[in-house]
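Coordinates from final.txt are shown below (compact mmCIF, C-alpha atoms).
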# COMPACT_ATOMS: atom_id res chain seq x y z
CA MET A 159 -15.88 24.45 -6.86
CA ARG A 160 -16.55 21.11 -5.13
CA ASN A 161 -14.03 18.89 -3.40
CA LEU A 162 -14.83 15.19 -3.81
CA LYS A 163 -13.51 12.18 -1.92
CA LEU A 164 -13.41 8.82 -3.71
CA VAL A 165 -12.90 5.37 -2.22
CA LEU A 166 -11.75 2.81 -4.75
CA ALA A 167 -10.54 -0.75 -5.01
CA TYR A 168 -8.21 -2.03 -7.69
CA ASP A 169 -6.31 -5.04 -8.95
CA GLY A 170 -2.78 -3.69 -9.29
CA SER A 171 -1.50 -6.51 -11.48
CA GLU A 172 -2.64 -4.67 -14.62
CA PHE A 173 -1.02 -1.35 -13.72
CA SER A 174 2.42 0.24 -13.39
CA GLY A 175 1.44 1.51 -9.96
CA TRP A 176 -0.78 4.38 -8.85
CA GLN A 177 1.14 7.41 -10.10
CA VAL A 178 0.61 8.65 -13.63
CA GLN A 179 3.51 7.88 -15.99
CA PRO A 180 4.07 8.55 -19.68
CA ASP A 181 3.38 5.54 -21.89
CA ALA A 182 2.28 3.31 -18.99
CA ALA A 183 -1.11 2.24 -17.64
CA THR A 184 -1.52 3.57 -14.10
CA VAL A 185 -4.46 3.73 -11.70
CA GLN A 186 -4.22 7.51 -11.32
CA GLY A 187 -3.98 8.05 -15.07
CA THR A 188 -6.90 5.72 -15.83
CA LEU A 189 -9.06 7.38 -13.17
CA ALA A 190 -8.13 10.87 -14.36
CA SER A 191 -9.12 9.96 -17.91
CA ALA A 192 -12.51 8.63 -16.78
CA ILE A 193 -13.22 11.74 -14.68
CA GLY A 194 -12.23 13.93 -17.62
CA ARG A 195 -14.66 12.15 -19.94
CA LEU A 196 -17.52 12.78 -17.52
CA THR A 197 -16.76 16.35 -16.43
CA GLY A 198 -14.93 17.76 -19.45
CA GLU A 199 -12.25 18.96 -17.03
CA LYS A 200 -8.58 18.09 -16.86
CA VAL A 201 -8.08 16.80 -13.31
CA LEU A 202 -5.45 14.69 -11.58
CA PRO A 203 -6.97 12.93 -8.56
CA GLN A 204 -4.61 12.80 -5.58
CA GLY A 205 -4.30 9.46 -3.82
CA SER A 206 -3.60 8.77 -0.16
CA GLY A 207 -0.35 7.16 -1.28
CA ARG A 208 1.47 5.86 -4.33
CA THR A 209 1.08 2.09 -4.50
CA ASP A 210 3.75 0.36 -6.60
CA ALA A 211 3.29 -1.71 -9.75
CA GLY A 212 1.49 -4.93 -8.85
CA VAL A 213 0.21 -3.70 -5.46
CA HIS A 214 -3.53 -3.92 -4.85
CA ALA A 215 -5.99 -1.75 -2.92
CA LEU A 216 -9.18 -2.65 -1.09
CA ALA A 217 -10.00 0.96 -0.17
CA GLN A 218 -7.62 3.52 -1.63
CA VAL A 219 -8.77 7.10 -1.10
CA ALA A 220 -8.46 9.86 -3.71
CA SER A 221 -9.64 13.45 -3.88
CA PHE A 222 -10.09 16.07 -6.59
CA THR A 223 -11.83 19.38 -7.17
CA THR A 224 -14.42 19.93 -9.86
CA GLU A 225 -17.03 22.41 -11.06
CA SER A 226 -19.19 19.58 -12.36
CA PRO A 227 -22.69 19.38 -10.81
CA ILE A 228 -22.93 15.58 -11.18
CA PRO A 229 -24.31 14.16 -7.88
CA PRO A 230 -21.93 11.77 -6.03
CA GLU A 231 -24.14 8.70 -6.47
CA ASN A 232 -24.43 9.35 -10.23
CA LEU A 233 -20.68 9.89 -10.49
CA THR A 234 -20.04 6.56 -8.78
CA LYS A 235 -22.19 4.71 -11.31
CA ALA A 236 -20.89 6.63 -14.32
CA LEU A 237 -17.23 6.12 -13.39
CA ASN A 238 -17.74 2.38 -12.95
CA ASP A 239 -19.39 2.27 -16.39
CA ILE A 240 -16.24 3.79 -17.92
CA LEU A 241 -13.42 2.31 -15.83
CA PRO A 242 -11.99 -1.14 -16.54
CA PRO A 243 -13.24 -3.95 -14.27
CA SER A 244 -9.87 -3.89 -12.49
CA ILE A 245 -10.81 -0.53 -10.89
CA ARG A 246 -14.04 -0.02 -8.96
CA VAL A 247 -15.20 3.19 -7.35
CA LEU A 248 -16.83 2.14 -4.09
CA GLU A 249 -17.99 5.58 -2.99
CA VAL A 250 -17.97 9.24 -3.98
CA ALA A 251 -18.74 11.85 -1.33
CA GLU A 252 -18.60 15.61 -0.88
CA ALA A 253 -15.62 16.63 1.25
CA PRO A 254 -14.64 19.88 3.02
CA SER A 255 -12.55 22.22 0.87
CA GLU A 256 -9.46 21.57 3.02
CA PHE A 257 -9.64 17.77 2.65
CA HIS A 258 -6.72 16.18 0.77
CA ALA A 259 -6.48 12.40 0.34
CA ARG A 260 -2.77 12.28 1.24
CA LYS A 261 -2.17 15.30 3.46
CA SER A 262 -5.26 14.70 5.62
CA ALA A 263 -4.55 11.00 6.24
CA ARG A 264 -3.86 10.03 9.87
CA SER A 265 -3.14 6.32 9.49
CA LYS A 266 -3.10 3.49 6.95
CA THR A 267 -3.44 -0.26 7.16
CA TYR A 268 -1.72 -2.71 4.82
CA LEU A 269 -1.78 -6.48 4.66
CA TYR A 270 0.58 -8.91 2.97
CA ARG A 271 -0.54 -12.38 1.85
CA MET A 272 1.98 -15.23 1.79
CA LEU A 273 0.73 -18.58 0.48
CA ARG A 274 2.39 -21.49 2.30
CA SER A 275 0.87 -24.44 0.42
CA PRO A 276 3.11 -26.61 -1.83
CA ILE A 277 1.29 -25.56 -5.01
CA CYS A 278 -0.05 -22.13 -5.92
CA PRO A 279 -3.23 -22.16 -8.05
CA PRO A 280 -2.64 -20.12 -11.22
CA PHE A 281 -5.59 -17.84 -10.51
CA LEU A 282 -4.15 -16.95 -7.10
CA ALA A 283 -0.60 -16.28 -8.29
CA PRO A 284 -1.04 -12.52 -8.99
CA TYR A 285 -2.41 -11.93 -5.50
CA VAL A 286 -0.01 -13.71 -3.10
CA TRP A 287 3.67 -14.40 -2.56
CA HIS A 288 3.94 -18.16 -2.94
CA TYR A 289 6.50 -19.29 -0.35
CA PRO A 290 6.24 -23.06 0.31
CA TYR A 291 9.62 -23.36 2.06
CA PRO A 292 10.16 -23.98 5.81
CA LEU A 293 9.77 -20.94 8.09
CA ASP A 294 9.73 -20.47 11.85
CA GLU A 295 6.44 -18.60 11.93
CA ASN A 296 6.57 -17.99 15.69
CA ALA A 297 9.92 -16.22 15.28
CA MET A 298 8.35 -14.06 12.57
CA ARG A 299 5.49 -13.15 14.93
CA HIS A 300 8.02 -12.12 17.57
CA ALA A 301 10.00 -10.04 15.05
CA ALA A 302 6.88 -8.25 13.77
CA ALA A 303 5.95 -7.10 17.28
CA LEU A 304 9.33 -5.38 17.68
CA VAL A 305 8.53 -2.65 15.12
CA VAL A 306 5.48 -1.42 17.04
CA GLY A 307 6.02 2.10 18.36
CA GLU A 308 7.79 5.17 17.01
CA HIS A 309 11.00 4.37 15.13
CA ASP A 310 13.25 5.68 12.39
CA PHE A 311 12.55 3.28 9.51
CA THR A 312 15.44 4.35 7.26
CA SER A 313 16.70 0.74 7.17
CA PHE A 314 13.39 -0.34 5.63
CA ALA A 315 13.01 2.52 3.12
CA ALA A 316 13.91 2.33 -0.56
CA MET A 317 15.34 5.49 -2.06
CA ASP A 318 12.48 7.61 -3.36
CA PRO A 319 13.74 10.27 -5.81
CA GLU A 320 10.51 12.26 -5.45
CA ARG A 321 10.99 12.90 -1.74
CA GLY A 322 14.14 14.99 -2.09
CA GLU A 323 17.38 14.57 -0.18
CA PRO A 324 17.09 11.99 2.65
CA GLU A 325 18.60 14.33 5.25
CA ASP A 326 15.86 16.87 4.59
CA ILE A 327 12.96 14.58 5.51
CA SER A 328 12.27 12.52 8.62
CA ASN A 329 11.90 8.75 8.26
CA VAL A 330 10.34 8.44 11.71
CA ARG A 331 6.96 6.71 11.68
CA SER A 332 4.63 5.34 14.35
CA ILE A 333 3.45 1.73 13.98
CA PHE A 334 0.29 0.92 15.94
CA CYS A 335 -0.11 -2.75 14.97
CA SER A 336 2.28 -5.27 13.38
CA ALA A 337 1.32 -8.94 13.43
CA TRP A 338 1.39 -12.20 11.47
CA GLU A 339 -1.67 -14.48 11.52
CA GLN A 340 -2.49 -17.86 10.01
CA ASN A 341 -5.45 -17.78 7.64
CA GLY A 342 -5.97 -21.22 6.15
CA GLU A 343 -2.99 -21.93 3.92
CA GLU A 344 -1.92 -18.29 4.03
CA PHE A 345 0.37 -16.54 6.51
CA VAL A 346 -0.83 -12.93 6.54
CA TYR A 347 0.99 -9.85 7.83
CA THR A 348 -1.08 -6.84 8.91
CA VAL A 349 0.48 -3.47 9.74
CA ARG A 350 -1.19 -0.20 10.70
CA GLY A 351 0.78 3.00 11.09
CA SER A 352 0.86 6.77 10.84
CA GLY A 353 2.51 6.51 7.43
CA PHE A 354 4.83 4.35 5.37
CA LEU A 355 8.03 4.96 3.45
CA HIS A 356 8.76 3.80 -0.09
CA HIS A 357 8.72 -0.06 -0.15
CA MET A 358 8.64 -0.06 3.67
CA VAL A 359 6.03 -2.81 4.15
CA ARG A 360 7.61 -5.06 1.52
CA ASN A 361 11.06 -4.52 3.07
CA LEU A 362 9.68 -5.41 6.49
CA VAL A 363 8.17 -8.62 5.08
CA GLY A 364 11.41 -9.54 3.32
CA THR A 365 13.31 -9.07 6.59
CA PHE A 366 10.79 -11.07 8.62
CA VAL A 367 11.25 -13.93 6.14
CA LEU A 368 14.99 -13.92 6.94
CA VAL A 369 14.00 -14.31 10.59
CA GLY A 370 11.73 -17.19 9.63
CA LYS A 371 14.58 -18.87 7.74
CA GLY A 372 16.91 -18.48 10.72
CA THR A 373 19.29 -16.14 8.88
CA LEU A 374 18.38 -13.44 11.42
CA SER A 375 17.05 -13.68 14.95
CA PRO A 376 13.98 -11.70 16.04
CA ASP A 377 16.19 -9.47 18.19
CA ASP A 378 18.12 -8.43 15.07
CA ILE A 379 15.12 -6.27 14.13
CA THR A 380 16.06 -3.77 16.83
CA ARG A 381 19.66 -3.70 15.59
CA ILE A 382 18.47 -3.15 12.00
CA LEU A 383 16.23 -0.24 13.06
CA GLU A 384 19.12 1.37 14.93
CA ALA A 385 21.48 0.95 11.95
CA ARG A 386 19.39 3.34 9.81
CA ASN A 387 20.93 1.72 6.74
CA ARG A 388 18.92 -0.02 4.01
CA SER A 389 21.67 -2.63 3.52
CA ALA A 390 21.11 -3.88 7.09
CA ALA A 391 17.62 -5.19 6.28
CA GLY A 392 16.38 -7.97 4.02
CA ALA A 393 15.36 -8.00 0.37
CA THR A 394 12.12 -6.44 -0.86
CA ALA A 395 9.20 -8.89 -0.91
CA PRO A 396 7.27 -9.20 -4.20
CA ALA A 397 4.63 -6.53 -4.85
CA ASN A 398 1.74 -8.86 -5.69
CA GLY A 399 1.13 -9.95 -2.09
CA LEU A 400 0.60 -6.40 -0.80
CA TYR A 401 -2.77 -4.68 -0.28
CA LEU A 402 -3.70 -1.22 0.93
CA VAL A 403 -6.61 -2.09 3.19
CA SER A 404 -7.84 1.24 4.54
CA VAL A 405 -6.99 4.88 5.22
CA GLU A 406 -8.15 6.73 8.33
CA TYR A 407 -8.74 10.50 8.62
Here is the file; what I need is its structure written in the form of structure tokens.
Amino acid sequence: MRNLKLVLAYDGSEFSGWQVQPDAATVQGTLASAIGRLTGEKVLPQGSGRTDAGVHALAQVASFTTESPIPPENLTKALNDILPPSIRVLEVAEAPSEFHARKSARSKTYLYRMLRSPICPPFLAPYVWHYPYPLDENAMRHAAALVVGEHDFTSFAAMDPERGEPEDISNVRSIFCSAWEQNGEEFVYTVRGSGFLHHMVRNLVGTFVLVGKGTLSPDDITRILEARNRSAAGATAPANGLYLVSVEY
């Protein structure tokens, strides 16, 4: 039995998220079907995390076990021949038996693209949050820096029915980098951390936008963290601006 690690990129706009669902196109389900066609086995590749509907990935990591003897380089080519163009396998590699795409992950990096120009080109619309309205971007930079460190992110977590009762699981996470940067006509948020809760990055972005609008001050971020109450934070930013950039092990 071999344990294989896959690195893949995908355009999330065509899928109802990563996790397999009945009667819905998902990245996990589409990948599982392609692997099954090649190996004759029924497998369910495990991802480093469950991206939501509309969220993209530049380097999602998945793992699965197989008895198939297909060499990694051949599997990469064969999978890309079968998969839709919206999913590309960038690499397949042999992994130690104990490797698990989610459980072995040590940190992840996400970015969020906000387009600030007056008009959004139609071909860019599925990949950015078009927000042409006035924002105090310096205040948003200040607010983003305040989440660096170890915090309880309950205020920024959507309820996730698959995680069990909230009191049974810690919502404490470590954030190593949290910053907004100008990139042409885009204002881009990058965050790297030990792990992320359901909708956490999008809820952070939605809250930072309230700071940019002047509804909140940057210092309110500390108060929101301490509240440990989802209603204290801002609305969830749209999914289409979010990208899983990389996973570290």
| query | Could you state the separation of atom CA of A:Ser352 and atom CA of A:Ala263 in Å, given to one decimal place? | reply | 8.3 Å
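Here the question is which of A:Ala303, A:Met317, A:Leu269, A:Ile379 gets nearest to A:Thr348 using all atoms listed in the file, and that residue is A:Leu269.
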| message | Can you pull out the residues contacting stretch 380-382 of chain A? Cut-off 9 Å, using all atoms listed in the file, and skip same-chain residues under 2 positions away; I want them as a count of residues only. | response | 15
| message | Report as a PyMOL selection string all protein, DNA and RNA residues lying within 12 Å of A:Trp287, evaluated on all atoms listed in the file, omitting residues in the same chain fewer than 5 positions from it. | response | chain A and resi 212-213+270-275+277-279+282+343-347+360+363-364+367+394-401
Please produce an output containing C-alpha atoms for each residue in the selection, written as a compact mmCIF listing (two decimals), in the coordinates of the input.
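The resulting file, again-v9.txt, is shown below:
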# COMPACT_ATOMS: atom_id res chain seq x y z
CA GLY A 212 1.49 -4.93 -8.85
CA VAL A 213 0.21 -3.70 -5.46
CA TYR A 270 0.58 -8.91 2.97
CA ARG A 271 -0.54 -12.38 1.85
CA MET A 272 1.98 -15.23 1.79
CA LEU A 273 0.73 -18.58 0.48
CA ARG A 274 2.39 -21.49 2.30
CA SER A 275 0.87 -24.44 0.42
CA ILE A 277 1.29 -25.56 -5.01
CA CYS A 278 -0.05 -22.13 -5.92
CA PRO A 279 -3.23 -22.16 -8.05
CA LEU A 282 -4.15 -16.95 -7.10
CA GLU A 343 -2.99 -21.93 3.92
CA GLU A 344 -1.92 -18.29 4.03
CA PHE A 345 0.37 -16.54 6.51
CA VAL A 346 -0.83 -12.93 6.54
CA TYR A 347 0.99 -9.85 7.83
CA ARG A 360 7.61 -5.06 1.52
CA VAL A 363 8.17 -8.62 5.08
CA GLY A 364 11.41 -9.54 3.32
CA VAL A 367 11.25 -13.93 6.14
CA THR A 394 12.12 -6.44 -0.86
CA ALA A 395 9.20 -8.89 -0.91
CA PRO A 396 7.27 -9.20 -4.20
CA ALA A 397 4.63 -6.53 -4.85
CA ASN A 398 1.74 -8.86 -5.69
CA GLY A 399 1.13 -9.95 -2.09
CA LEU A 400 0.60 -6.40 -0.80
CA TYR A 401 -2.77 -4.68 -0.28
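Pairwise distance (atom CA of A:Ala215, atom CA of A:Leu355) equals 16.8 Å.
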| What is the distance between atom CA of A:Leu189 and atom CA of A:Leu241, in Å to one decimal? |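 Distance between the two atoms: 7.2 Å.
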